[in-house]
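Source file: upload_13.json (JSON, C-alpha atoms)
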[["chain", "number", "residue", "atom", "x", "y", "z"],
["A", 1, "MET", "CA", 15.14, 163.30, -98.99],
["A", 2, "LYS", "CA", 13.29, 160.06, -99.44],
["A", 3, "LYS", "CA", 12.66, 157.61, -96.60],
["A", 4, "LEU", "CA", 13.44, 153.96, -97.29],
["A", 5, "GLN", "CA", 12.92, 150.91, -95.10],
["A", 6, "TYR", "CA", 14.43, 147.43, -95.16],
["A", 7, "LYS", "CA", 13.84, 144.46, -92.85],
["A", 8, "VAL", "CA", 15.49, 141.12, -92.26],
["A", 9, "SER", "CA", 14.65, 138.32, -89.82],
["A", 10, "ILE", "CA", 17.71, 136.65, -88.35],
["A", 11, "ASN", "CA", 17.76, 133.45, -86.28],
["A", 12, "ALA", "CA", 20.00, 134.88, -83.57],
["A", 13, "PRO", "CA", 19.59, 136.96, -80.42],
["A", 14, "ALA", "CA", 19.60, 140.76, -80.70],
["A", 15, "THR", "CA", 22.80, 140.93, -78.64],
["A", 16, "LYS", "CA", 24.72, 138.94, -81.27],
["A", 17, "ILE", "CA", 23.26, 140.89, -84.21],
["A", 18, "TYR", "CA", 23.95, 144.27, -82.59],
["A", 19, "ASP", "CA", 27.54, 143.23, -81.86],
["A", 20, "THR", "CA", 28.10, 141.79, -85.35],
["A", 21, "MET", "CA", 26.40, 144.63, -87.22],
["A", 22, "LEU", "CA", 28.35, 147.37, -85.45],
["A", 23, "GLY", "CA", 31.59, 145.43, -85.20],
["A", 24, "ILE", "CA", 31.75, 145.99, -81.43],
["A", 25, "SER", "CA", 33.82, 142.88, -80.55],
["A", 26, "ASN", "CA", 35.47, 142.62, -83.96],
["A", 27, "LYS", "CA", 35.36, 145.48, -86.48],
["A", 28, "SER", "CA", 35.78, 143.00, -89.34],
["A", 29, "THR", "CA", 32.17, 141.80, -88.89],
["A", 30, "TYR", "CA", 30.96, 145.35, -89.72],
["A", 31, "GLU", "CA", 33.35, 145.48, -92.66],
["A", 32, "GLN", "CA", 32.11, 142.13, -94.02],
["A", 33, "TRP", "CA", 28.43, 143.05, -94.32],
["A", 34, "THR", "CA", 29.09, 146.63, -95.45],
["A", 35, "ALA", "CA", 31.55, 145.41, -98.12],
["A", 36, "LEU", "CA", 28.50, 145.11, -100.38],
["A", 37, "PHE", "CA", 28.37, 148.93, -100.43],
["A", 38, "ASN", "CA", 32.13, 149.30, -100.90],
["A", 39, "PRO", "CA", 34.71, 146.48, -100.63],
["A", 40, "THR", "CA", 36.90, 148.72, -98.44],
["A", 41, "SER", "CA", 34.07, 149.94, -96.19],
["A", 42, "THR", "CA", 35.01, 150.67, -92.57],
["A", 43, "TYR", "CA", 34.46, 153.23, -89.83],
["A", 44, "GLU", "CA", 36.52, 155.34, -87.48],
["A", 45, "GLY", "CA", 35.10, 156.34, -84.11],
["A", 46, "VAL", "CA", 32.95, 154.79, -81.41],
["A", 47, "TRP", "CA", 29.24, 154.03, -81.27],
["A", 48, "ASP", "CA", 28.47, 155.99, -78.07],
["A", 49, "LYS", "CA", 25.63, 158.53, -78.18],
["A", 50, "GLY", "CA", 26.86, 161.97, -79.18],
["A", 51, "ASN", "CA", 30.16, 160.79, -80.67],
["A", 52, "LYS", "CA", 31.38, 161.68, -84.15],
["A", 53, "ILE", "CA", 31.96, 158.68, -86.39],
["A", 54, "LEU", "CA", 33.30, 158.48, -89.95],
["A", 55, "PHE", "CA", 31.99, 155.87, -92.38],
["A", 56, "PHE", "CA", 34.22, 155.51, -95.41],
["A", 57, "GLY", "CA", 35.88, 153.44, -98.07],
["A", 58, "VAL", "CA", 38.38, 153.96, -100.82],
["A", 59, "ASP", "CA", 37.03, 154.86, -104.26],
["A", 60, "ASP", "CA", 38.30, 153.80, -107.68],
["A", 61, "LYS", "CA", 40.81, 156.69, -107.61],
["A", 62, "GLY", "CA", 42.27, 155.44, -104.35],
["A", 63, "GLU", "CA", 40.77, 158.32, -102.33],
["A", 64, "GLN", "CA", 38.89, 158.02, -99.07],
["A", 65, "GLY", "CA", 35.23, 158.95, -99.34],
["A", 66, "GLY", "CA", 32.17, 158.59, -97.18],
["A", 67, "MET", "CA", 30.03, 160.23, -94.53],
["A", 68, "VAL", "CA", 30.74, 162.38, -91.49],
["A", 69, "SER", "CA", 28.18, 161.42, -88.87],
["A", 70, "ARG", "CA", 27.29, 161.43, -85.22],
["A", 71, "ILE", "CA", 25.57, 158.82, -83.11],
["A", 72, "ALA", "CA", 22.20, 160.42, -82.28],
["A", 73, "GLU", "CA", 21.12, 157.49, -80.09],
["A", 74, "ASN", "CA", 22.44, 154.11, -79.07],
["A", 75, "ILE", "CA", 20.36, 151.82, -76.89],
["A", 76, "PRO", "CA", 22.42, 148.60, -77.00],
["A", 77, "ASN", "CA", 20.65, 145.63, -78.61],
["A", 78, "GLN", "CA", 17.53, 147.74, -79.33],
["A", 79, "PHE", "CA", 18.11, 150.89, -81.38],
["A", 80, "VAL", "CA", 20.90, 152.85, -83.08],
["A", 81, "SER", "CA", 20.39, 156.20, -84.80],
["A", 82, "ILE", "CA", 23.09, 157.75, -86.98],
["A", 83, "GLN", "CA", 22.79, 161.36, -88.12],
["A", 84, "HIS", "CA", 24.80, 162.18, -91.25],
["A", 85, "TYR", "CA", 25.96, 165.80, -91.37],
["A", 86, "GLY", "CA", 28.88, 165.87, -93.77],
["A", 87, "LEU", "CA", 30.87, 164.16, -96.48],
["A", 88, "LEU", "CA", 34.37, 162.75, -96.50],
["A", 89, "LYS", "CA", 36.02, 163.45, -99.87],
["A", 90, "ALA", "CA", 39.65, 162.62, -100.60],
["A", 91, "GLY", "CA", 40.14, 162.29, -96.83],
["A", 92, "ASN", "CA", 38.78, 165.81, -96.12],
["A", 93, "GLU", "CA", 35.70, 166.43, -93.97],
["A", 94, "ILE", "CA", 33.20, 168.71, -95.71],
["A", 95, "THR", "CA", 30.34, 169.88, -93.51],
["A", 96, "GLU", "CA", 28.83, 172.68, -95.61],
["A", 97, "GLY", "CA", 28.05, 173.52, -99.21],
["A", 98, "PRO", "CA", 25.53, 172.38, -101.83],
["A", 99, "GLU", "CA", 26.68, 168.74, -101.94],
["A", 100, "VAL", "CA", 26.39, 168.41, -98.15],
["A", 101, "GLU", "CA", 23.03, 170.15, -98.02],
["A", 102, "LYS", "CA", 21.47, 167.27, -100.00],
["A", 103, "TRP", "CA", 22.46, 164.86, -97.20],
["A", 104, "ALA", "CA", 22.50, 167.14, -94.15],
["A", 105, "ASN", "CA", 20.46, 165.81, -91.25],
["A", 106, "GLY", "CA", 19.74, 162.53, -92.97],
["A", 107, "TYR", "CA", 19.29, 159.64, -90.55],
["A", 108, "GLU", "CA", 20.04, 155.95, -90.67],
["A", 109, "ASN", "CA", 18.19, 154.08, -87.92],
["A", 110, "TYR", "CA", 18.48, 150.44, -86.89],
["A", 111, "THR", "CA", 15.84, 148.78, -84.70],
["A", 112, "PHE", "CA", 16.36, 145.30, -83.23],
["A", 113, "GLU", "CA", 13.23, 143.38, -82.12],
["A", 114, "GLU", "CA", 13.79, 139.92, -80.67],
["A", 115, "ASN", "CA", 11.00, 137.37, -80.37],
["A", 116, "ASN", "CA", 11.58, 133.69, -79.45],
["A", 117, "GLY", "CA", 15.21, 133.67, -80.62],
["A", 118, "THR", "CA", 14.54, 135.41, -83.92],
["A", 119, "THR", "CA", 15.43, 139.08, -84.30],
["A", 120, "THR", "CA", 13.92, 141.41, -86.85],
["A", 121, "VAL", "CA", 16.29, 144.16, -87.88],
["A", 122, "THR", "CA", 14.55, 147.19, -89.37],
["A", 123, "VAL", "CA", 16.58, 149.79, -91.21],
["A", 124, "ASP", "CA", 15.01, 153.21, -91.78],
["A", 125, "LEU", "CA", 17.10, 155.62, -93.76],
["A", 126, "ASP", "CA", 16.95, 158.95, -95.53],
["A", 127, "THR", "CA", 18.52, 159.16, -98.97],
["A", 128, "THR", "CA", 18.61, 161.40, -102.00],
["A", 129, "ASP", "CA", 16.75, 160.60, -105.23],
["A", 130, "ASP", "CA", 19.96, 159.67, -107.02],
["A", 131, "PHE", "CA", 20.74, 156.93, -104.45],
["A", 132, "ILE", "CA", 17.32, 155.24, -104.20],
["A", 133, "GLU", "CA", 17.99, 152.58, -106.83],
["A", 134, "TYR", "CA", 21.47, 151.89, -105.44],
["A", 135, "MET", "CA", 20.09, 151.50, -101.89],
["A", 136, "ASN", "CA", 17.18, 149.33, -103.07],
["A", 137, "ASN", "CA", 19.63, 147.02, -104.85],
["A", 138, "THR", "CA", 22.40, 146.98, -102.26],
["A", 139, "TYR", "CA", 20.78, 147.16, -98.82],
["A", 140, "PRO", "CA", 18.81, 143.88, -99.07],
["A", 141, "GLU", "CA", 22.00, 142.07, -100.17],
["A", 142, "ALA", "CA", 23.98, 143.62, -97.32],
["A", 143, "LEU", "CA", 21.33, 142.54, -94.80],
["A", 144, "GLU", "CA", 21.44, 139.00, -96.20],
["A", 145, "LYS", "CA", 25.21, 139.03, -95.61],
["A", 146, "LEU", "CA", 24.61, 140.23, -92.03],
["A", 147, "LYS", "CA", 22.09, 137.39, -91.57],
["A", 148, "GLU", "CA", 24.66, 134.88, -92.86],
["A", 149, "LEU", "CA", 27.31, 136.20, -90.43],
["A", 150, "CYS", "CA", 24.93, 136.12, -87.44],
["A", 151, "GLU", "CA", 23.53, 132.67, -88.12],
["A", 152, "LYS", "CA", 26.96, 130.96, -88.33]]
Let's see the structure in the file written out as structure tokens.
Amino acid sequence: MKKLQYKVSINAPATKIYDTMLGISNKSTYEQWTALFNPTSTYEGVWDKGNKILFFGVDDKGEQGGMVSRIAENIPNQFVSIQHYGLLKAGNEITEGPEVEKWANGYENYTFEENNGTTTVTVDLDTTDDFIEYMNNTYPEALEKLKELCEK
């Protein structure tokens, strides 16, 4: 796995960004910024530490696909850590096998640091070699969309 990092500075308090990013008050805010990864991107579950959560969208064949994950840590407005441990393929959870082993125990971490009304969001994530270019192209755009939503 390769470690990637992305940052964005947003002119809004950490409380608003955390809420918007995770879709706490309104799930559609999560779906809007993650639509850059997949137009049908959503999640099922809750953001509490230890809980299972599914991140998925519908692919070009009309099948649900995504990640089976658990919330490793959630310190509201400061830090969220997501551990990916399986894949969702055609609506089925797959938690073992060669395809899963490439992603198993990969993390996606979000750190929120507020200073004088501006919050820096740092994303640290593990990915496989075949997704590096996709992440490098898509994540900065998605974070710009999050910035746009939070600065409204």
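Atom pair CA of Lys7 in chain A / CA of Thr122 in chain A has a distance of 4.5 Å (rounded to one decimal).
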Legend entry - A:Glu108, A:Phe56, A:Lys2, A:Asn115 ranked by distance to Leu87 in chain A, top pick (using all atoms listed in the file): A:Phe56
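Considering all atoms listed in the file, the residue among A:Leu36, A:Gly45, A:Ala14, A:Leu4 positioned nearest to Gly106 in chain A is A:Leu4.
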Inset, instruction - Counting only C-alpha atoms, figure out which residue out of A:Asn116, A:Lys89, A:Leu146, A:Asn137 gets nearest to Pro13 in chain A. - result: A:Asn116
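Distance check against Pro39 in chain A using only C-alpha atoms: of A:Val123, A:Ala142, A:Ala12, A:Val100, the minimum falls on A:Ala142.
Shortest separation to Ala35 in chain A among A:Phe55, A:Trp47, A:Trp103, A:Tyr6 occurs at residue A:Phe55, atoms counted being all atoms listed in the file.
Nearest to Asp60 in chain A of all the residues A:Val46, A:Leu22, A:Cys150, A:Ala90 is A:Ala90, based on only C-alpha atoms.
Across the model, the gap from CA of Ile71 in chain A to CA of Lys49 in chain A is 4.9 Å.
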Output, as JSON, the centre and edge lengths in Å (one decimal) of the axis-aligned box that contains all listed atoms of range 110-129 of chain A with 4 Å of margin on each side.
{"center_x": 14.8, "center_y": 147.5, "center_z": -92.3, "size_x": 15.6, "size_y": 35.7, "size_z": 33.8}
Inset, instruction - Find the spatial neighbours of Glu44 in chain A, counting all atoms listed in the file, within a cut-off of 10 Å - ignore same-chain residues fewer than 5 positions away - and output them as JSON, numbers by chain. - result: {"A": [27, 52, 53, 54, 55, 56, 68]}
How about saving the chosen residues, C-alpha atoms kept, as a PDB file, keeping the file's coordinate frame?
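Everything below was put into out_17.pdb:
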ATOM      1  CA  LYS A  27      35.360 145.480 -86.480  1.00  0.00           C
ATOM      2  CA  LYS A  52      31.380 161.680 -84.150  1.00  0.00           C
ATOM      3  CA  ILE A  53      31.960 158.680 -86.390  1.00  0.00           C
ATOM      4  CA  LEU A  54      33.300 158.480 -89.950  1.00  0.00           C
ATOM      5  CA  PHE A  55      31.990 155.870 -92.380  1.00  0.00           C
ATOM      6  CA  PHE A  56      34.220 155.510 -95.410  1.00  0.00           C
ATOM      7  CA  VAL A  68      30.740 162.380 -91.490  1.00  0.00           C
TER       8      VAL A  68
END
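Here CA of Lys102 in chain A is placed at a distance of 24.2 Å from CA of Thr40 in chain A.
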Legend entry - Nearby residues (all atoms listed in the file) at most 9 Å from Thr15 in chain A, same-chain spacing under 6 positions excluded, as a count of residues only: 3
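All protein, DNA and RNA residues at most 12 Å from (19.4, 157.2, -79.4) are Trp47, Asp48, Lys49, Gly50, Asn51, Arg70, Ile71, Ala72, Glu73, Asn74, Ile75, Pro76, Asn77, Gln78, Phe79, Val80, Ser81, Ile82, Gln83, Tyr107, Glu108, Asn109, Tyr110 and Thr111 of chain A, using all atoms listed in the file.
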Export C-alpha atoms of the chosen residues as a short mmCIF file (atom, residue, chain, number, x, y, z; two decimals), in the frame of the given file?
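Below is the file result-v4.cif, written as the result:
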data_model
loop_
_atom_site.label_atom_id
_atom_site.label_comp_id
_atom_site.auth_asym_id
_atom_site.auth_seq_id
_atom_site.Cartn_x
_atom_site.Cartn_y
_atom_site.Cartn_z
CA TRP A 47 29.24 154.03 -81.27
CA ASP A 48 28.47 155.99 -78.07
CA LYS A 49 25.63 158.53 -78.18
CA GLY A 50 26.86 161.97 -79.18
CA ASN A 51 30.16 160.79 -80.67
CA ARG A 70 27.29 161.43 -85.22
CA ILE A 71 25.57 158.82 -83.11
CA ALA A 72 22.20 160.42 -82.28
CA GLU A 73 21.12 157.49 -80.09
CA ASN A 74 22.44 154.11 -79.07
CA ILE A 75 20.36 151.82 -76.89
CA PRO A 76 22.42 148.60 -77.00
CA ASN A 77 20.65 145.63 -78.61
CA GLN A 78 17.53 147.74 -79.33
CA PHE A 79 18.11 150.89 -81.38
CA VAL A 80 20.90 152.85 -83.08
CA SER A 81 20.39 156.20 -84.80
CA ILE A 82 23.09 157.75 -86.98
CA GLN A 83 22.79 161.36 -88.12
CA TYR A 107 19.29 159.64 -90.55
CA GLU A 108 20.04 155.95 -90.67
CA ASN A 109 18.19 154.08 -87.92
CA TYR A 110 18.48 150.44 -86.89
CA THR A 111 15.84 148.78 -84.70
#
Inset, instruction - For a cut-off of 12 Å around (36.2, 166.8, -99.9), file coordinates, pick out all residues using all atoms listed in the file and list them as an MDAnalysis selection string. - result: chainID A and resid 63:68 86:97 99:100
Output C-alpha atoms of each residue in that selection to a file, as a JSON list (two decimals), in the coordinates of the input.
[["chain", "number", "residue", "atom", "x", "y", "z"],
["A", 63, "GLU", "CA", 40.77, 158.32, -102.33],
["A", 64, "GLN", "CA", 38.89, 158.02, -99.07],
["A", 65, "GLY", "CA", 35.23, 158.95, -99.34],
["A", 66, "GLY", "CA", 32.17, 158.59, -97.18],
["A", 67, "MET", "CA", 30.03, 160.23, -94.53],
["A", 68, "VAL", "CA", 30.74, 162.38, -91.49],
["A", 86, "GLY", "CA", 28.88, 165.87, -93.77],
["A", 87, "LEU", "CA", 30.87, 164.16, -96.48],
["A", 88, "LEU", "CA", 34.37, 162.75, -96.50],
["A", 89, "LYS", "CA", 36.02, 163.45, -99.87],
["A", 90, "ALA", "CA", 39.65, 162.62, -100.60],
["A", 91, "GLY", "CA", 40.14, 162.29, -96.83],
["A", 92, "ASN", "CA", 38.78, 165.81, -96.12],
["A", 93, "GLU", "CA", 35.70, 166.43, -93.97],
["A", 94, "ILE", "CA", 33.20, 168.71, -95.71],
["A", 95, "THR", "CA", 30.34, 169.88, -93.51],
["A", 96, "GLU", "CA", 28.83, 172.68, -95.61],
["A", 97, "GLY", "CA", 28.05, 173.52, -99.21],
["A", 99, "GLU", "CA", 26.68, 168.74, -101.94],
["A", 100, "VAL", "CA", 26.39, 168.41, -98.15]]
Please complete range 74-85 of chain A so it has all heavy atoms, and hand it over as a PDB file, in the frame of the given file.
ATOM      1  N   ASN A  74      21.981 155.489 -79.081  1.00  0.00           N
ATOM      2  CA  ASN A  74      22.440 154.110 -79.070  1.00  0.00           C
ATOM      3  C   ASN A  74      21.920 153.438 -77.806  1.00  0.00           C
ATOM      4  O   ASN A  74      22.419 153.690 -76.718  1.00  0.00           O
ATOM      5  CB  ASN A  74      23.963 154.004 -79.139  1.00  0.00           C
ATOM      6  CG  ASN A  74      24.431 152.564 -79.299  1.00  0.00           C
ATOM      7  OD1 ASN A  74      23.682 151.622 -79.064  1.00  0.00           O
ATOM      8  ND2 ASN A  74      25.676 152.398 -79.688  1.00  0.00           N
ATOM      9  N   ILE A  75      20.892 152.641 -77.978  1.00  0.00           N
ATOM     10  CA  ILE A  75      20.360 151.820 -76.890  1.00  0.00           C
ATOM     11  C   ILE A  75      20.776 150.399 -77.240  1.00  0.00           C
ATOM     12  O   ILE A  75      20.188 149.782 -78.135  1.00  0.00           O
ATOM     13  CB  ILE A  75      18.822 151.950 -76.784  1.00  0.00           C
ATOM     14  CG1 ILE A  75      18.421 153.419 -76.598  1.00  0.00           C
ATOM     15  CG2 ILE A  75      18.283 151.076 -75.652  1.00  0.00           C
ATOM     16  CD1 ILE A  75      16.945 153.689 -76.824  1.00  0.00           C
ATOM     17  N   PRO A  76      21.852 149.890 -76.602  1.00  0.00           N
ATOM     18  CA  PRO A  76      22.420 148.600 -77.000  1.00  0.00           C
ATOM     19  C   PRO A  76      21.363 147.499 -77.162  1.00  0.00           C
ATOM     20  O   PRO A  76      20.453 147.369 -76.347  1.00  0.00           O
ATOM     21  CB  PRO A  76      23.387 148.276 -75.859  1.00  0.00           C
ATOM     22  CG  PRO A  76      23.830 149.633 -75.386  1.00  0.00           C
ATOM     23  CD  PRO A  76      22.580 150.482 -75.486  1.00  0.00           C
ATOM     24  N   ASN A  77      21.500 146.781 -78.279  1.00  0.00           N
ATOM     25  CA  ASN A  77      20.650 145.630 -78.610  1.00  0.00           C
ATOM     26  C   ASN A  77      19.206 145.996 -78.953  1.00  0.00           C
ATOM     27  O   ASN A  77      18.382 145.108 -79.140  1.00  0.00           O
ATOM     28  CB  ASN A  77      20.672 144.584 -77.498  1.00  0.00           C
ATOM     29  CG  ASN A  77      22.075 144.289 -77.031  1.00  0.00           C
ATOM     30  OD1 ASN A  77      22.983 144.087 -77.848  1.00  0.00           O
ATOM     31  ND2 ASN A  77      22.289 144.292 -75.733  1.00  0.00           N
ATOM     32  N   GLN A  78      18.890 147.312 -79.038  1.00  0.00           N
ATOM     33  CA  GLN A  78      17.530 147.740 -79.330  1.00  0.00           C
ATOM     34  C   GLN A  78      17.437 148.742 -80.473  1.00  0.00           C
ATOM     35  O   GLN A  78      16.627 148.567 -81.381  1.00  0.00           O
ATOM     36  CB  GLN A  78      16.879 148.368 -78.092  1.00  0.00           C
ATOM     37  CG  GLN A  78      16.648 147.398 -76.959  1.00  0.00           C
ATOM     38  CD  GLN A  78      16.096 148.117 -75.739  1.00  0.00           C
ATOM     39  OE1 GLN A  78      15.242 148.984 -75.851  1.00  0.00           O
ATOM     40  NE2 GLN A  78      16.595 147.762 -74.570  1.00  0.00           N
ATOM     41  N   PHE A  79      18.268 149.792 -80.423  1.00  0.00           N
ATOM     42  CA  PHE A  79      18.110 150.890 -81.380  1.00  0.00           C
ATOM     43  C   PHE A  79      19.402 151.685 -81.528  1.00  0.00           C
ATOM     44  O   PHE A  79      20.052 152.014 -80.535  1.00  0.00           O
ATOM     45  CB  PHE A  79      16.988 151.825 -80.908  1.00  0.00           C
ATOM     46  CG  PHE A  79      16.704 152.970 -81.830  1.00  0.00           C
ATOM     47  CD1 PHE A  79      16.045 152.776 -83.038  1.00  0.00           C
ATOM     48  CD2 PHE A  79      17.105 154.249 -81.496  1.00  0.00           C
ATOM     49  CE1 PHE A  79      15.779 153.845 -83.884  1.00  0.00           C
ATOM     50  CE2 PHE A  79      16.839 155.330 -82.333  1.00  0.00           C
ATOM     51  CZ  PHE A  79      16.177 155.120 -83.535  1.00  0.00           C
ATOM     52  N   VAL A  80      19.751 151.993 -82.775  1.00  0.00           N
ATOM     53  CA  VAL A  80      20.900 152.850 -83.080  1.00  0.00           C
ATOM     54  C   VAL A  80      20.439 153.866 -84.121  1.00  0.00           C
ATOM     55  O   VAL A  80      19.830 153.494 -85.123  1.00  0.00           O
ATOM     56  CB  VAL A  80      22.098 152.051 -83.629  1.00  0.00           C
ATOM     57  CG1 VAL A  80      23.246 152.982 -83.995  1.00  0.00           C
ATOM     58  CG2 VAL A  80      22.564 151.009 -82.630  1.00  0.00           C
ATOM     59  N   SER A  81      20.727 155.137 -83.862  1.00  0.00           N
ATOM     60  CA  SER A  81      20.390 156.200 -84.800  1.00  0.00           C
ATOM     61  C   SER A  81      21.654 156.967 -85.158  1.00  0.00           C
ATOM     62  O   SER A  81      22.367 157.457 -84.282  1.00  0.00           O
ATOM     63  CB  SER A  81      19.368 157.156 -84.179  1.00  0.00           C
ATOM     64  OG  SER A  81      19.056 158.197 -85.093  1.00  0.00           O
ATOM     65  N   ILE A  82      21.915 157.051 -86.468  1.00  0.00           N
ATOM     66  CA  ILE A  82      23.090 157.750 -86.980  1.00  0.00           C
ATOM     67  C   ILE A  82      22.609 158.962 -87.760  1.00  0.00           C
ATOM     68  O   ILE A  82      21.769 158.840 -88.652  1.00  0.00           O
ATOM     69  CB  ILE A  82      23.901 156.827 -87.920  1.00  0.00           C
ATOM     70  CG1 ILE A  82      24.301 155.536 -87.206  1.00  0.00           C
ATOM     71  CG2 ILE A  82      25.119 157.558 -88.474  1.00  0.00           C
ATOM     72  CD1 ILE A  82      24.713 154.414 -88.140  1.00  0.00           C
ATOM     73  N   GLN A  83      23.127 160.139 -87.401  1.00  0.00           N
ATOM     74  CA  GLN A  83      22.790 161.360 -88.120  1.00  0.00           C
ATOM     75  C   GLN A  83      23.980 161.719 -89.013  1.00  0.00           C
ATOM     76  O   GLN A  83      25.087 161.918 -88.524  1.00  0.00           O
ATOM     77  CB  GLN A  83      22.496 162.500 -87.157  1.00  0.00           C
ATOM     78  CG  GLN A  83      22.203 163.812 -87.870  1.00  0.00           C
ATOM     79  CD  GLN A  83      22.127 164.987 -86.924  1.00  0.00           C
ATOM     80  OE1 GLN A  83      22.654 164.942 -85.816  1.00  0.00           O
ATOM     81  NE2 GLN A  83      21.481 166.046 -87.361  1.00  0.00           N
ATOM     82  N   HIS A  84      23.745 161.799 -90.309  1.00  0.00           N
ATOM     83  CA  HIS A  84      24.800 162.180 -91.250  1.00  0.00           C
ATOM     84  C   HIS A  84      24.775 163.698 -91.405  1.00  0.00           C
ATOM     85  O   HIS A  84      23.725 164.279 -91.657  1.00  0.00           O
ATOM     86  CB  HIS A  84      24.577 161.504 -92.609  1.00  0.00           C
ATOM     87  CG  HIS A  84      24.545 160.010 -92.527  1.00  0.00           C
ATOM     88  ND1 HIS A  84      25.620 159.265 -92.098  1.00  0.00           N
ATOM     89  CD2 HIS A  84      23.559 159.122 -92.804  1.00  0.00           C
ATOM     90  CE1 HIS A  84      25.302 157.981 -92.130  1.00  0.00           C
ATOM     91  NE2 HIS A  84      24.051 157.872 -92.545  1.00  0.00           N
ATOM     92  N   TYR A  85      25.946 164.339 -91.243  1.00  0.00           N
ATOM     93  CA  TYR A  85      25.960 165.800 -91.370  1.00  0.00           C
ATOM     94  C   TYR A  85      27.086 166.317 -92.258  1.00  0.00           C
ATOM     95  O   TYR A  85      27.268 167.522 -92.404  1.00  0.00           O
ATOM     96  CB  TYR A  85      25.998 166.469 -89.993  1.00  0.00           C
ATOM     97  CG  TYR A  85      27.263 166.244 -89.202  1.00  0.00           C
ATOM     98  CD1 TYR A  85      28.357 167.096 -89.336  1.00  0.00           C
ATOM     99  CD2 TYR A  85      27.352 165.197 -88.289  1.00  0.00           C
ATOM    100  CE1 TYR A  85      29.519 166.892 -88.585  1.00  0.00           C
ATOM    101  CE2 TYR A  85      28.503 165.002 -87.546  1.00  0.00           C
ATOM    102  CZ  TYR A  85      29.577 165.857 -87.703  1.00  0.00           C
ATOM    103  OH  TYR A  85      30.717 165.652 -86.957  1.00  0.00           O
TER     104      TYR A  85
END
